[in-house]
Every structure is written in C-alpha cells, then in structure tokens.
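File shown here: protein-v9.pdb, holding PDB, C-alpha atoms, pLDDT in the B column.
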ATOM      1  CA  ASP Z   1       0.000   0.000   0.000  1.00 55.00           C
ATOM      2  CA  THR Z   2       1.568   3.289  -1.052  1.00 81.00           C
ATOM      3  CA  GLY Z   3      -0.942   5.610   0.612  1.00 95.00           C
ATOM      4  CA  VAL Z   4      -0.521   7.799   3.678  1.00 97.00           C
ATOM      5  CA  SER Z   5      -0.319   5.764   6.861  1.00 97.00           C
ATOM      6  CA  GLN Z   6      -0.893   6.831  10.436  1.00 98.00           C
ATOM      7  CA  ASP Z   7      -0.076   5.132  13.688  1.00 97.00           C
ATOM      8  CA  PRO Z   8      -1.752   4.376  15.995  1.00 98.00           C
ATOM      9  CA  ARG Z   9      -5.251   4.283  14.598  1.00 97.00           C
ATOM     10  CA  HIS Z  10      -6.783   4.654  18.046  1.00 97.00           C
ATOM     11  CA  LYS Z  11      -5.430   6.034  21.306  1.00 98.00           C
ATOM     12  CA  ILE Z  12      -7.095   6.254  24.703  1.00 98.00           C
ATOM     13  CA  THR Z  13      -5.265   8.220  27.348  1.00 98.00           C
ATOM     14  CA  LYS Z  14      -5.889   9.863  30.680  1.00 98.00           C
ATOM     15  CA  ARG Z  15      -5.996  13.587  31.099  1.00 98.00           C
ATOM     16  CA  GLY Z  16      -2.549  14.998  31.725  1.00 98.00           C
ATOM     17  CA  GLN Z  17      -0.658  12.298  29.831  1.00 98.00           C
ATOM     18  CA  ASN Z  18       1.452  12.950  26.746  1.00 98.00           C
ATOM     19  CA  VAL Z  19       0.681  11.268  23.432  1.00 98.00           C
ATOM     20  CA  THR Z  20       2.557  11.072  20.138  1.00 98.00           C
ATOM     21  CA  PHE Z  21       1.180  10.229  16.721  1.00 98.00           C
ATOM     22  CA  ARG Z  22       3.113   9.286  13.621  1.00 98.00           C
ATOM     23  CA  CYS Z  23       2.372   9.940   9.958  1.00 98.00           C
ATOM     24  CA  ASP Z  24       4.164   8.365   7.011  1.00 97.00           C
ATOM     25  CA  PRO Z  25       3.390  10.308   3.835  1.00 97.00           C
ATOM     26  CA  ILE Z  26       3.371   9.001   0.308  1.00 95.00           C
ATOM     27  CA  SER Z  27       6.944   8.501  -0.776  1.00 92.00           C
ATOM     28  CA  GLU Z  28       8.509  11.615  -2.329  1.00 86.00           C
ATOM     29  CA  HIS Z  29       5.653  13.896  -1.271  1.00 92.00           C
ATOM     30  CA  ASN Z  30       7.402  16.980   0.032  1.00 91.00           C
ATOM     31  CA  ARG Z  31       4.361  18.590   1.647  1.00 92.00           C
ATOM     32  CA  LEU Z  32       2.770  17.249   4.820  1.00 95.00           C
ATOM     33  CA  TYR Z  33      -0.263  18.582   6.672  1.00 96.00           C
ATOM     34  CA  TRP Z  34      -1.879  17.854  10.014  1.00 97.00           C
ATOM     35  CA  TYR Z  35      -5.596  18.433  10.559  1.00 97.00           C
ATOM     36  CA  ARG Z  36      -7.917  17.837  13.491  1.00 97.00           C
ATOM     37  CA  GLN Z  37     -11.540  16.762  13.169  1.00 97.00           C
ATOM     38  CA  THR Z  38     -14.137  16.755  15.928  1.00 96.00           C
ATOM     39  CA  LEU Z  39     -17.458  14.972  15.710  1.00 93.00           C
ATOM     40  CA  GLY Z  40     -19.817  16.445  13.136  1.00 91.00           C
ATOM     41  CA  GLN Z  41     -17.307  18.982  11.865  1.00 94.00           C
ATOM     42  CA  GLY Z  42     -15.014  19.110   8.876  1.00 96.00           C
ATOM     43  CA  PRO Z  43     -11.259  18.792   9.387  1.00 96.00           C
ATOM     44  CA  GLU Z  44      -9.428  21.896  10.652  1.00 96.00           C
ATOM     45  CA  PHE Z  45      -5.885  22.757   9.639  1.00 95.00           C
ATOM     46  CA  LEU Z  46      -3.233  22.511  12.342  1.00 96.00           C
ATOM     47  CA  THR Z  47       0.177  22.764  10.696  1.00 95.00           C
ATOM     48  CA  TYR Z  48       2.109  22.288   7.473  1.00 92.00           C
ATOM     49  CA  PHE Z  49       5.599  21.142   6.492  1.00 93.00           C
ATOM     50  CA  GLN Z  50       7.465  21.525   3.275  1.00 91.00           C
ATOM     51  CA  ASN Z  51      10.240  18.960   3.486  1.00 92.00           C
ATOM     52  CA  GLU Z  52      11.573  19.303   7.059  1.00 94.00           C
ATOM     53  CA  ALA Z  53      10.570  22.946   7.513  1.00 93.00           C
ATOM     54  CA  GLN Z  54       7.409  23.749   9.464  1.00 93.00           C
ATOM     55  CA  LEU Z  55       6.061  26.681   7.527  1.00 90.00           C
ATOM     56  CA  GLU Z  56       2.682  27.418   9.055  1.00 89.00           C
ATOM     57  CA  LYS Z  57       0.890  26.758  12.319  1.00 92.00           C
ATOM     58  CA  SER Z  58      -2.753  27.367  13.099  1.00 92.00           C
ATOM     59  CA  ARG Z  59      -3.902  29.235  16.180  1.00 90.00           C
ATOM     60  CA  LEU Z  60      -5.474  25.894  17.122  1.00 85.00           C
ATOM     61  CA  LEU Z  61      -1.974  24.558  17.753  1.00 88.00           C
ATOM     62  CA  SER Z  62      -1.447  25.591  21.354  1.00 91.00           C
ATOM     63  CA  ASP Z  63       1.945  25.397  23.058  1.00 94.00           C
ATOM     64  CA  ARG Z  64       1.033  21.905  24.247  1.00 97.00           C
ATOM     65  CA  PHE Z  65       1.211  20.714  20.655  1.00 97.00           C
ATOM     66  CA  SER Z  66       4.432  20.149  18.767  1.00 96.00           C
ATOM     67  CA  ALA Z  67       5.041  18.661  15.369  1.00 97.00           C
ATOM     68  CA  GLU Z  68       8.248  17.578  13.701  1.00 97.00           C
ATOM     69  CA  ARG Z  69       9.299  16.184  10.376  1.00 97.00           C
ATOM     70  CA  PRO Z  70      12.935  15.172  10.684  1.00 92.00           C
ATOM     71  CA  LYS Z  71      14.681  14.561   7.370  1.00 88.00           C
ATOM     72  CA  GLY Z  72      11.544  15.531   5.526  1.00 87.00           C
ATOM     73  CA  SER Z  73      10.043  12.064   5.627  1.00 92.00           C
ATOM     74  CA  PHE Z  74       7.669  10.896   8.395  1.00 97.00           C
ATOM     75  CA  SER Z  75       6.157  13.350  10.843  1.00 98.00           C
ATOM     76  CA  THR Z  76       5.168  13.188  14.486  1.00 98.00           C
ATOM     77  CA  LEU Z  77       2.550  15.185  16.351  1.00 98.00           C
ATOM     78  CA  GLU Z  78       2.920  15.304  20.135  1.00 98.00           C
ATOM     79  CA  ILE Z  79       0.337  16.569  22.577  1.00 98.00           C
ATOM     80  CA  GLN Z  80       1.587  17.252  26.070  1.00 98.00           C
ATOM     81  CA  ARG Z  81      -0.623  17.333  29.177  1.00 98.00           C
ATOM     82  CA  THR Z  82      -3.659  16.183  27.229  1.00 98.00           C
ATOM     83  CA  GLU Z  83      -7.059  17.681  27.998  1.00 97.00           C
ATOM     84  CA  GLN Z  84     -10.513  16.263  27.319  1.00 97.00           C
ATOM     85  CA  GLY Z  85     -10.965  18.900  24.641  1.00 96.00           C
ATOM     86  CA  ASP Z  86      -8.124  17.304  22.685  1.00 97.00           C
ATOM     87  CA  SER Z  87     -10.336  14.298  21.937  1.00 98.00           C
ATOM     88  CA  ALA Z  88     -10.662  14.243  18.171  1.00 97.00           C
ATOM     89  CA  MET Z  89      -9.530  12.550  14.976  1.00 98.00           C
ATOM     90  CA  TYR Z  90      -6.062  13.683  13.932  1.00 98.00           C
ATOM     91  CA  LEU Z  91      -5.566  13.469  10.177  1.00 98.00           C
ATOM     92  CA  CYS Z  92      -2.390  13.647   8.171  1.00 98.00           C
ATOM     93  CA  ALA Z  93      -2.212  14.499   4.481  1.00 97.00           C
ATOM     94  CA  SER Z  94       0.601  14.741   1.974  1.00 96.00           C
ATOM     95  CA  SER Z  95       1.059  16.223  -1.467  1.00 92.00           C
ATOM     96  CA  THR Z  96       3.645  17.180  -4.049  1.00 84.00           C
ATOM     97  CA  ARG Z  97       4.379  20.770  -4.890  1.00 69.00           C
ATOM     98  CA  GLN Z  98       1.999  22.066  -7.541  1.00 66.00           C
ATOM     99  CA  GLY Z  99       0.200  25.346  -7.991  1.00 64.00           C
ATOM    100  CA  ALA Z 100      -1.561  26.074  -4.712  1.00 61.00           C
ATOM    101  CA  THR Z 101      -4.953  26.104  -6.349  1.00 66.00           C
ATOM    102  CA  GLN Z 102      -4.634  22.727  -8.031  1.00 74.00           C
ATOM    103  CA  GLU Z 103      -2.770  20.696  -5.431  1.00 84.00           C
ATOM    104  CA  THR Z 104      -4.364  17.407  -4.412  1.00 90.00           C
ATOM    105  CA  GLN Z 105      -3.918  16.314  -0.828  1.00 94.00           C
ATOM    106  CA  TYR Z 106      -3.910  12.617   0.035  1.00 95.00           C
ATOM    107  CA  PHE Z 107      -5.181  11.819   3.489  1.00 97.00           C
ATOM    108  CA  GLY Z 108      -4.362   9.019   5.855  1.00 97.00           C
ATOM    109  CA  PRO Z 109      -7.007   7.127   7.843  1.00 97.00           C
ATOM    110  CA  GLY Z 110      -6.449   9.259  10.935  1.00 97.00           C
ATOM    111  CA  THR Z 111      -5.677   8.635  14.596  1.00 98.00           C
ATOM    112  CA  ARG Z 112      -8.695   8.803  16.879  1.00 98.00           C
ATOM    113  CA  LEU Z 113      -7.764  10.172  20.299  1.00 98.00           C
ATOM    114  CA  LEU Z 114      -9.959   9.853  23.360  1.00 98.00           C
ATOM    115  CA  VAL Z 115      -8.874  11.650  26.503  1.00 98.00           C
ATOM    116  CA  LEU Z 116     -10.580  10.394  29.655  1.00 97.00           C
TER     117      LEU Z 116
ATOM    118  CA  ASP E   1     -11.039  32.527   2.180  1.00 61.00           C
ATOM    119  CA  ALA E   2     -14.407  32.813   0.467  1.00 68.00           C
ATOM    120  CA  LYS E   3     -17.196  30.909   2.165  1.00 89.00           C
ATOM    121  CA  THR E   4     -19.186  27.979   0.765  1.00 95.00           C
ATOM    122  CA  THR E   5     -22.710  26.907   1.706  1.00 96.00           C
ATOM    123  CA  GLN E   6     -23.941  23.338   1.307  1.00 97.00           C
ATOM    124  CA  PRO E   7     -27.082  21.511   2.456  1.00 97.00           C
ATOM    125  CA  ASN E   8     -26.494  19.488   5.601  1.00 97.00           C
ATOM    126  CA  SER E   9     -27.793  16.260   4.119  1.00 97.00           C
ATOM    127  CA  MET E  10     -29.241  14.678   0.991  1.00 97.00           C
ATOM    128  CA  GLU E  11     -30.677  11.303   0.120  1.00 97.00           C
ATOM    129  CA  SER E  12     -30.544   9.329  -3.092  1.00 96.00           C
ATOM    130  CA  ASN E  13     -31.627   5.975  -4.371  1.00 96.00           C
ATOM    131  CA  GLU E  14     -28.975   3.630  -5.622  1.00 96.00           C
ATOM    132  CA  GLU E  15     -28.174   3.825  -9.333  1.00 95.00           C
ATOM    133  CA  GLU E  16     -29.835   7.220  -9.681  1.00 96.00           C
ATOM    134  CA  PRO E  17     -27.957  10.459 -10.401  1.00 96.00           C
ATOM    135  CA  VAL E  18     -27.163  12.762  -7.499  1.00 97.00           C
ATOM    136  CA  HIS E  19     -26.680  16.514  -7.736  1.00 98.00           C
ATOM    137  CA  LEU E  20     -24.881  18.025  -4.758  1.00 98.00           C
ATOM    138  CA  PRO E  21     -25.091  21.840  -4.738  1.00 98.00           C
ATOM    139  CA  CYS E  22     -22.620  24.355  -3.367  1.00 98.00           C
ATOM    140  CA  ASN E  23     -23.088  28.113  -3.147  1.00 97.00           C
ATOM    141  CA  HIS E  24     -20.039  30.376  -3.133  1.00 95.00           C
ATOM    142  CA  SER E  25     -21.348  33.842  -3.887  1.00 94.00           C
ATOM    143  CA  THR E  26     -18.159  35.597  -2.700  1.00 91.00           C
ATOM    144  CA  ILE E  27     -15.822  33.555  -4.887  1.00 92.00           C
ATOM    145  CA  SER E  28     -12.993  35.535  -6.457  1.00 88.00           C
ATOM    146  CA  GLY E  29     -11.961  35.243 -10.071  1.00 85.00           C
ATOM    147  CA  THR E  30      -8.913  33.116  -9.290  1.00 84.00           C
ATOM    148  CA  ASP E  31     -10.473  30.714  -6.772  1.00 88.00           C
ATOM    149  CA  TYR E  32     -10.595  27.086  -7.845  1.00 90.00           C
ATOM    150  CA  ILE E  33     -13.535  24.935  -6.719  1.00 93.00           C
ATOM    151  CA  HIS E  34     -12.481  21.629  -5.188  1.00 94.00           C
ATOM    152  CA  TRP E  35     -14.576  18.748  -3.928  1.00 97.00           C
ATOM    153  CA  TYR E  36     -13.442  16.156  -1.430  1.00 97.00           C
ATOM    154  CA  ARG E  37     -15.457  13.410   0.185  1.00 98.00           C
ATOM    155  CA  GLN E  38     -15.055  11.510   3.410  1.00 98.00           C
ATOM    156  CA  LEU E  39     -16.336   7.970   3.683  1.00 96.00           C
ATOM    157  CA  PRO E  40     -17.200   6.660   7.148  1.00 93.00           C
ATOM    158  CA  SER E  41     -14.140   6.091   9.335  1.00 91.00           C
ATOM    159  CA  GLN E  42     -11.747   7.275   6.628  1.00 94.00           C
ATOM    160  CA  GLY E  43      -9.790  10.395   5.807  1.00 97.00           C
ATOM    161  CA  PRO E  44     -11.076  12.728   3.100  1.00 98.00           C
ATOM    162  CA  GLU E  45     -10.322  11.924  -0.530  1.00 97.00           C
ATOM    163  CA  TYR E  46     -10.108  14.174  -3.547  1.00 96.00           C
ATOM    164  CA  VAL E  47     -13.007  14.009  -5.990  1.00 97.00           C
ATOM    165  CA  ILE E  48     -12.673  16.745  -8.598  1.00 96.00           C
ATOM    166  CA  HIS E  49     -11.821  20.403  -9.124  1.00 93.00           C
ATOM    167  CA  GLY E  50     -12.421  23.149 -11.667  1.00 93.00           C
ATOM    168  CA  LEU E  51     -12.156  26.872 -12.349  1.00 92.00           C
ATOM    169  CA  THR E  52     -14.708  27.926 -14.951  1.00 93.00           C
ATOM    170  CA  SER E  53     -15.482  25.082 -17.319  1.00 91.00           C
ATOM    171  CA  ASN E  54     -17.387  21.945 -16.445  1.00 93.00           C
ATOM    172  CA  VAL E  55     -15.112  19.025 -15.605  1.00 95.00           C
ATOM    173  CA  ASN E  56     -15.487  15.273 -15.807  1.00 95.00           C
ATOM    174  CA  ASN E  57     -13.425  12.469 -14.338  1.00 94.00           C
ATOM    175  CA  ARG E  58     -13.971   8.829 -13.501  1.00 92.00           C
ATOM    176  CA  MET E  59     -15.567   9.658 -10.163  1.00 91.00           C
ATOM    177  CA  ALA E  60     -17.881  12.555 -10.931  1.00 96.00           C
ATOM    178  CA  SER E  61     -18.691  15.653 -12.946  1.00 97.00           C
ATOM    179  CA  LEU E  62     -18.484  19.243 -11.807  1.00 98.00           C
ATOM    180  CA  ALA E  63     -20.878  21.778 -13.247  1.00 98.00           C
ATOM    181  CA  ILE E  64     -19.933  25.403 -12.594  1.00 97.00           C
ATOM    182  CA  ALA E  65     -22.445  28.211 -13.024  1.00 96.00           C
ATOM    183  CA  GLU E  66     -21.601  30.867 -15.562  1.00 95.00           C
ATOM    184  CA  ASP E  67     -21.261  33.517 -12.854  1.00 95.00           C
ATOM    185  CA  ARG E  68     -19.269  31.026 -10.734  1.00 95.00           C
ATOM    186  CA  LYS E  69     -21.387  31.793  -7.675  1.00 96.00           C
ATOM    187  CA  SER E  70     -22.481  28.188  -7.431  1.00 97.00           C
ATOM    188  CA  SER E  71     -21.441  24.731  -8.544  1.00 97.00           C
ATOM    189  CA  THR E  72     -22.877  21.230  -8.549  1.00 98.00           C
ATOM    190  CA  LEU E  73     -21.119  17.930  -8.029  1.00 98.00           C
ATOM    191  CA  ILE E  74     -22.812  15.246 -10.080  1.00 98.00           C
ATOM    192  CA  LEU E  75     -22.570  11.541  -9.322  1.00 97.00           C
ATOM    193  CA  HIS E  76     -24.031   9.897 -12.389  1.00 94.00           C
ATOM    194  CA  ARG E  77     -25.107   6.637 -10.757  1.00 95.00           C
ATOM    195  CA  ALA E  78     -24.927   6.631  -7.002  1.00 95.00           C
ATOM    196  CA  THR E  79     -23.932   3.414  -5.288  1.00 96.00           C
ATOM    197  CA  LEU E  80     -23.946   2.476  -1.621  1.00 96.00           C
ATOM    198  CA  ARG E  81     -20.183   3.102  -1.628  1.00 95.00           C
ATOM    199  CA  ASP E  82     -20.828   6.766  -2.440  1.00 97.00           C
ATOM    200  CA  ALA E  83     -22.444   7.344   0.952  1.00 97.00           C
ATOM    201  CA  ALA E  84     -20.141   9.952   2.472  1.00 98.00           C
ATOM    202  CA  VAL E  85     -19.794  13.566   3.538  1.00 98.00           C
ATOM    203  CA  TYR E  86     -19.033  15.736   0.504  1.00 98.00           C
ATOM    204  CA  TYR E  87     -17.078  18.955   0.999  1.00 98.00           C
ATOM    205  CA  CYS E  88     -17.007  21.879  -1.427  1.00 97.00           C
ATOM    206  CA  ILE E  89     -13.813  23.904  -0.898  1.00 94.00           C
ATOM    207  CA  LEU E  90     -12.480  27.057  -2.541  1.00 91.00           C
ATOM    208  CA  ARG E  91      -8.723  27.224  -3.133  1.00 86.00           C
ATOM    209  CA  ALA E  92      -7.391  30.767  -3.320  1.00 79.00           C
ATOM    210  CA  LEU E  93      -4.573  31.650  -5.658  1.00 66.00           C
ATOM    211  CA  SER E  94      -1.722  32.465  -3.337  1.00 61.00           C
ATOM    212  CA  THR E  95       1.940  33.092  -3.577  1.00 51.00           C
ATOM    213  CA  GLY E  96       2.313  31.933  -0.008  1.00 52.00           C
ATOM    214  CA  THR E  97       3.669  28.595   1.032  1.00 45.00           C
ATOM    215  CA  ALA E  98       0.696  26.889   2.591  1.00 52.00           C
ATOM    216  CA  SER E  99      -2.248  25.577   0.613  1.00 79.00           C
ATOM    217  CA  LYS E 100      -4.281  24.274   3.481  1.00 86.00           C
ATOM    218  CA  LEU E 101      -7.799  23.052   2.858  1.00 91.00           C
ATOM    219  CA  THR E 102     -10.575  24.915   4.640  1.00 90.00           C
ATOM    220  CA  PHE E 103     -13.427  22.475   5.183  1.00 94.00           C
ATOM    221  CA  GLY E 104     -16.983  23.416   6.086  1.00 91.00           C
ATOM    222  CA  THR E 105     -19.451  20.919   7.498  1.00 92.00           C
ATOM    223  CA  GLY E 106     -20.233  19.436   4.071  1.00 96.00           C
ATOM    224  CA  THR E 107     -23.248  17.503   2.821  1.00 98.00           C
ATOM    225  CA  ARG E 108     -23.908  14.057   4.209  1.00 98.00           C
ATOM    226  CA  LEU E 109     -25.150  11.874   1.345  1.00 98.00           C
ATOM    227  CA  GLN E 110     -27.247   8.843   2.177  1.00 97.00           C
ATOM    228  CA  VAL E 111     -27.767   6.248  -0.539  1.00 97.00           C
ATOM    229  CA  THR E 112     -30.537   3.722  -0.170  1.00 95.00           C
ATOM    230  CA  LEU E 113     -31.473   0.594  -2.104  1.00 90.00           C
TER     231      LEU E 113
END
Kindly present the structure from the file in structure tokens form.
Amino acid sequence: DTGVSQDPRHKITKRGQNVTFRCDPISEHNRLYWYRQTLGQGPEFLTYFQNEAQLEKSRLLSDRFSAERPKGSFSTLEIQRTEQGDSAMYLCASSTRQGATQETQYFGPGTRLLVL
Amino acid sequence: DAKTTQPNSMESNEEEPVHLPCNHSTISGTDYIHWYRQLPSQGPEYVIHGLTSNVNNRMASLAIAEDRKSSTLILHRATLRDAAVYYCILRALSTGTASKLTFGTGTRLQVTL
C-alpha cells in the first residue's frame, strides 16, 4: 500500500498524559499537513511542512502541541498534558508541490484520540 | 477565504444520479472549486476540481455556473459506496507557502437501495 499511513489508529489516554502520533506520507511527497476533526465537523488545519521545515501553524496549535518532520520524511505530532478537549480525529495528508490552487492532498485514515 | 454553503444532508436511491449543490457567492476570479469526500471512518479523498469550465473524471462531474457563484457535483449513478460527507472547498490563488484546505461541514449523502 503506497498511501498515507498513520499510527496508531486509536489512542485512549488519561488527562494529563502525553501522546505522540506518527504519519508516514506518500513517498517523495514533500508537503505534509496535520488536521484535526471533531465529531460532526469538517477537518481543521493545524500545521504544514514543506520537506523538514514547518512553515505554518494554526492558532489551534497551542503550546502543548508540537510537530516535527525530521529529514523531511515521516512526521510526528505530540500533545503534552492532554485535555478532554483534545479528543478528536487527527488526520495527516501529503502532497507534491503544484500550484496552490490545483494541489491534491492525500489523506491518511487518521488517529482517533480519546482523553478520559 | 471565500465561504461555501452546502445543504447538511441529501438522500438518493442507488443507481440514480445525485446533484450536490454548493453556493459560493463571494468567490474571487482566481479561486478554484475543489470537492473532497469523506467515507465513514476514513480520511477525506479528492473528488474533482475546476475553475470555470465543467469538468469530468472517472468519479464525478463538476458543473460550474456561468457567474461562478455556485457549482454542482454530479454523481451519475450513485452506489452504496458513495455514501459519504461531501465537501465543497475554494482554493485561493496564493503566492504563499501553505495551501491548506478549509473544510466546512459538508453535505452528508445517504444512498438507499
């Protein structure tokens, strides 16, 4: 399977714990995005990487959130001191550089986080 | 980004055509219209996009109004596997680095036998 993969698919944690999610983009895709989706809503942009550089962060990405993409390949999203409001689906997408208006993003299956 | 408006939900019978509308009255001349869909328990997937002319691909057709203030995603023969949330998204021409997708709440399509 050459699609975007995410690990784990599900995570249950207690409030205050730290969690880390991993995303493996499609090979040779230089752009990588993280989105968050709560129940009944569309995905919301969190952050974006071009190769290893993090180029944009949403206001949704509080200081408890950190994302990395070492070597421009896989990416990790860490949430420190989780809160119940962090419960959501975390989606990763990747793409190749094209004109901004015509770029197609390929999404992974997501990691569903439940904070108790 | 310009805003899009879609019905919350629609229903269709299997093997019948489905027309999913999207209003975008504040669209600018350089905004592309993209459609993604999200099947249950999956990430979104790209469906189709266009600027001014109608577009066809293996998944769907996109009909764009002459004034570009609305568009319609057409599934020619809906199947049960087309049951999903369909998102209409405007992509602004930008010289910036990020081309994030701005999703609304979309239209939930139910397909029945």
Within 8 Å of chain E, which residues belong to chain Z? Use all atoms listed in the file and report them as a PDB file with C-alpha atoms, in the coordinates of the input.
ATOM      1  CA  TYR Z  33      -0.263  18.582   6.672  1.00 96.00           C
ATOM      2  CA  GLY Z  40     -19.817  16.445  13.136  1.00 91.00           C
ATOM      3  CA  GLN Z  41     -17.307  18.982  11.865  1.00 94.00           C
ATOM      4  CA  GLY Z  42     -15.014  19.110   8.876  1.00 96.00           C
ATOM      5  CA  PRO Z  43     -11.259  18.792   9.387  1.00 96.00           C
ATOM      6  CA  GLU Z  44      -9.428  21.896  10.652  1.00 96.00           C
ATOM      7  CA  PHE Z  45      -5.885  22.757   9.639  1.00 95.00           C
ATOM      8  CA  TYR Z  48       2.109  22.288   7.473  1.00 92.00           C
ATOM      9  CA  LEU Z  55       6.061  26.681   7.527  1.00 90.00           C
ATOM     10  CA  GLU Z  56       2.682  27.418   9.055  1.00 89.00           C
ATOM     11  CA  LEU Z  91      -5.566  13.469  10.177  1.00 98.00           C
ATOM     12  CA  ALA Z 100      -1.561  26.074  -4.712  1.00 61.00           C
ATOM     13  CA  THR Z 101      -4.953  26.104  -6.349  1.00 66.00           C
ATOM     14  CA  GLN Z 102      -4.634  22.727  -8.031  1.00 74.00           C
ATOM     15  CA  GLU Z 103      -2.770  20.696  -5.431  1.00 84.00           C
ATOM     16  CA  THR Z 104      -4.364  17.407  -4.412  1.00 90.00           C
ATOM     17  CA  GLN Z 105      -3.918  16.314  -0.828  1.00 94.00           C
ATOM     18  CA  TYR Z 106      -3.910  12.617   0.035  1.00 95.00           C
ATOM     19  CA  PHE Z 107      -5.181  11.819   3.489  1.00 97.00           C
ATOM     20  CA  GLY Z 108      -4.362   9.019   5.855  1.00 97.00           C
ATOM     21  CA  PRO Z 109      -7.007   7.127   7.843  1.00 97.00           C
ATOM     22  CA  GLY Z 110      -6.449   9.259  10.935  1.00 97.00           C
TER      23      GLY Z 110
END
TODO: Calculate how many Å separate CA of Asn54 in chain E from CA of Gly29 in chain E, rounding to one decimal.
DONE: 15.7 Å
TODO: Would you translate the PyMOL selection byres ((chain Z and resi 94) around 6) into the concrete set of residues it matches in this file, as a VMD selection string?
DONE: chain Z and resid 25 31 to 32 93 95 105 to 106
Mind writing the picked residues with C-alpha atoms as a PDB file, keeping the file's coordinate frame?
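Printed below is result12.pdb as written:
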ATOM      1  CA  PRO Z  25       3.390  10.308   3.835  1.00 97.00           C
ATOM      2  CA  ARG Z  31       4.361  18.590   1.647  1.00 92.00           C
ATOM      3  CA  LEU Z  32       2.770  17.249   4.820  1.00 95.00           C
ATOM      4  CA  ALA Z  93      -2.212  14.499   4.481  1.00 97.00           C
ATOM      5  CA  SER Z  95       1.059  16.223  -1.467  1.00 92.00           C
ATOM      6  CA  GLN Z 105      -3.918  16.314  -0.828  1.00 94.00           C
ATOM      7  CA  TYR Z 106      -3.910  12.617   0.035  1.00 95.00           C
TER       8      TYR Z 106
END
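Coordinates place CA of Gln54 in chain Z at a distance of 14.1 Å from CA of Cys92 in chain Z.
Picked by the PyMOL selection byres ((chain E and resi 83) around 6) from the coordinates shown: E:Leu80, E:Arg81, E:Asp82, E:Ala84, E:Leu109, E:Gln110, E:Val111.
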Produce a file of the selected residues containing C-alpha atoms, as a PDB file, in the frame of the given file.
ATOM      1  CA  LEU E  80     -23.946   2.476  -1.621  1.00 96.00           C
ATOM      2  CA  ARG E  81     -20.183   3.102  -1.628  1.00 95.00           C
ATOM      3  CA  ASP E  82     -20.828   6.766  -2.440  1.00 97.00           C
ATOM      4  CA  ALA E  84     -20.141   9.952   2.472  1.00 98.00           C
ATOM      5  CA  LEU E 109     -25.150  11.874   1.345  1.00 98.00           C
ATOM      6  CA  GLN E 110     -27.247   8.843   2.177  1.00 97.00           C
ATOM      7  CA  VAL E 111     -27.767   6.248  -0.539  1.00 97.00           C
TER       8      VAL E 111
END
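Between CA of Pro21 in chain E and CA of Leu62 in chain E there is a distance of 10.0 Å.
Those residues returned by the PyMOL selection byres ((chain Z and resi 20) around 10) for this file are Asp7, Pro8, Lys11, Asn18, Val19, Phe21, Arg22, Phe65, Ser66, Ala67, Thr76, Leu77, Glu78, Ile79 and Gln80 of chain Z.
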Open item on the list: List the spatial neighbours of Leu113 in chain E as number ranges by chain - criterion: any atom at most 10 Å away, all atoms listed in the file, same-chain residues fewer than 2 positions off excluded.
Closed with: E: 12-15, 79-80, 111
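Nearest-residue note for Trp34 in chain Z: choosing from Z:Gly3, Z:Ser58, Z:Gly85, Z:Thr13, the minimum distance belongs to Z:Ser58, counting all atoms listed in the file.
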